[in-house]
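See structure below.
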Amino acid sequence: MSFILKNKNNFIYKLLFTLIVFYQKVISPILPARCRYYPTCSNYGKQALEWHGVRSGSWLLLKRIGSCHPLGGHGVDFVPLPLSSYYYQYVPATTLATVSFQGIYVYKDRKSYVSRLNHMMKLM
């Protein structure tokens with residue numbers, strides 16, 4: 001079930017993402033700048049949907065918007081890492097000779113935190 005919700009071809013995902021982009025392009029320039037957090041709630045929402053899917057991402061966004069009031073918080077508040085989606089496996093030192101390395105002692109990974117950030121920066 002969670003695989004279906006994190007699918008980027010999902011209609012609800014596309015709808016929410018389009019609404020956020022519409023807000024950023026049309027509504028946000030009209031309103032005065034008054035954001036209490038970095039990144040802004042709209043950027044936070046896009047990143048939360050990208051990393052956590054529709055259900056968890058929209059819940060994170062609702063919590064963030066709910067805390068945006070005079071008695072709420074402020075400052076830097078990044079989207080939490082989706083560590084539950086990672087699969088950790090112990091690699092013995094004897095098998096490291098067969099693993100491809102990039103640079104000195106850096107394993108080339110396509111699903112790491114840095115790889116996801118780089119992919120998101122290309123989309124923006």
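By convention in this document, the chains of the structure tokens carry letters A, B, ... by their order, each chain's residues are numbered from 1, and ligands are numbered from 1 in the order they are shown.
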Q: With a distance cut-off of 7 Å and only C-alpha atoms, select the neighbouring residues of Gly75 (chain A), excluding the residue or stretch itself and same-chain residues fewer than 4 positions from it, and output the selection as number ranges by chain.
A: A: 36-38
Using only C-alpha atoms, which residues sit within 12 Å of Trp59 (chain A) once same-chain residues fewer than 5 positions away are excluded, as a ChimeraX atom specification? /A:44-45,48-49,52-54,64-66,79
Suppose we keep N, CA, C and O atoms; can you now write the selection as a PDB file, in the first residue's frame?
```
ATOM      1  N   TYR A  44       8.884  23.223   1.711  1.00  0.00           N
ATOM      2  CA  TYR A  44       8.838  22.109   2.659  1.00  0.00           C
ATOM      3  C   TYR A  44       7.834  21.053   2.180  1.00  0.00           C
ATOM      4  O   TYR A  44       8.098  19.862   2.216  1.00  0.00           O
ATOM      5  N   GLY A  45       6.673  21.514   1.706  1.00  0.00           N
ATOM      6  CA  GLY A  45       5.645  20.591   1.225  1.00  0.00           C
ATOM      7  C   GLY A  45       6.077  19.813   0.000  1.00  0.00           C
ATOM      8  O   GLY A  45       5.824  18.612  -0.116  1.00  0.00           O
ATOM      9  N   ALA A  48       8.599  17.270   1.223  1.00  0.00           N
ATOM     10  CA  ALA A  48       7.954  16.221   2.017  1.00  0.00           C
ATOM     11  C   ALA A  48       7.196  15.247   1.118  1.00  0.00           C
ATOM     12  O   ALA A  48       7.233  14.030   1.334  1.00  0.00           O
ATOM     13  N   LEU A  49       6.512  15.756   0.106  1.00  0.00           N
ATOM     14  CA  LEU A  49       5.820  14.869  -0.832  1.00  0.00           C
ATOM     15  C   LEU A  49       6.801  14.023  -1.617  1.00  0.00           C
ATOM     16  O   LEU A  49       6.556  12.843  -1.876  1.00  0.00           O
ATOM     17  N   HIS A  52       8.525  11.505   1.283  1.00  0.00           N
ATOM     18  CA  HIS A  52       7.702  10.661   2.143  1.00  0.00           C
ATOM     19  C   HIS A  52       6.417  10.174   1.496  1.00  0.00           C
ATOM     20  O   HIS A  52       5.697   9.389   2.102  1.00  0.00           O
ATOM     21  N   GLY A  53       6.080  10.640   0.323  1.00  0.00           N
ATOM     22  CA  GLY A  53       4.864  10.201  -0.326  1.00  0.00           C
ATOM     23  C   GLY A  53       3.676  11.059   0.078  1.00  0.00           C
ATOM     24  O   GLY A  53       3.798  12.045   0.808  1.00  0.00           O
ATOM     25  N   VAL A  54       2.496  10.666  -0.381  1.00  0.00           N
ATOM     26  CA  VAL A  54       1.300  11.479  -0.195  1.00  0.00           C
ATOM     27  C   VAL A  54       0.853  11.498   1.257  1.00  0.00           C
ATOM     28  O   VAL A  54       0.637  12.569   1.835  1.00  0.00           O
ATOM     29  N   ARG A  64       3.400  21.400   9.815  1.00  0.00           N
ATOM     30  CA  ARG A  64       4.230  22.590   9.632  1.00  0.00           C
ATOM     31  C   ARG A  64       3.369  23.839   9.498  1.00  0.00           C
ATOM     32  O   ARG A  64       3.632  24.866  10.125  1.00  0.00           O
ATOM     33  N   ILE A  65       2.315  23.777   8.688  1.00  0.00           N
ATOM     34  CA  ILE A  65       1.423  24.923   8.523  1.00  0.00           C
ATOM     35  C   ILE A  65       0.697  25.220   9.835  1.00  0.00           C
ATOM     36  O   ILE A  65       0.477  26.381  10.185  1.00  0.00           O
ATOM     37  N   GLY A  66       0.352  24.190  10.581  1.00  0.00           N
ATOM     38  CA  GLY A  66      -0.321  24.379  11.864  1.00  0.00           C
ATOM     39  C   GLY A  66       0.550  25.062  12.901  1.00  0.00           C
ATOM     40  O   GLY A  66       0.046  25.715  13.814  1.00  0.00           O
ATOM     41  N   VAL A  79      12.802  18.995   6.401  1.00  0.00           N
ATOM     42  CA  VAL A  79      11.994  17.775   6.339  1.00  0.00           C
ATOM     43  C   VAL A  79      12.809  16.638   6.932  1.00  0.00           C
ATOM     44  O   VAL A  79      13.985  16.477   6.599  1.00  0.00           O
TER      45      VAL A  79
END
```
* What is the distance between CA of Phe11 (chain A) and CA of Pro39 (chain A), in Å to one decimal? ->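 Computing the Euclidean distance for CA of Phe11 (chain A) and CA of Pro39 (chain A) yields 25.5 Å.
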Residue with the minimum atom-to-atom distance to Tyr23 (chain A), picked from A:Cys35, A:Asn10, A:Cys41, A:His74 with only C-alpha atoms counted, is A:Cys41
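If only C-alpha atoms are the atoms counted, then among A:Pro32, A:Phe78, A:Trp51, A:Leu61 the closest residue to Ile20 (chain A) is A:Leu61.
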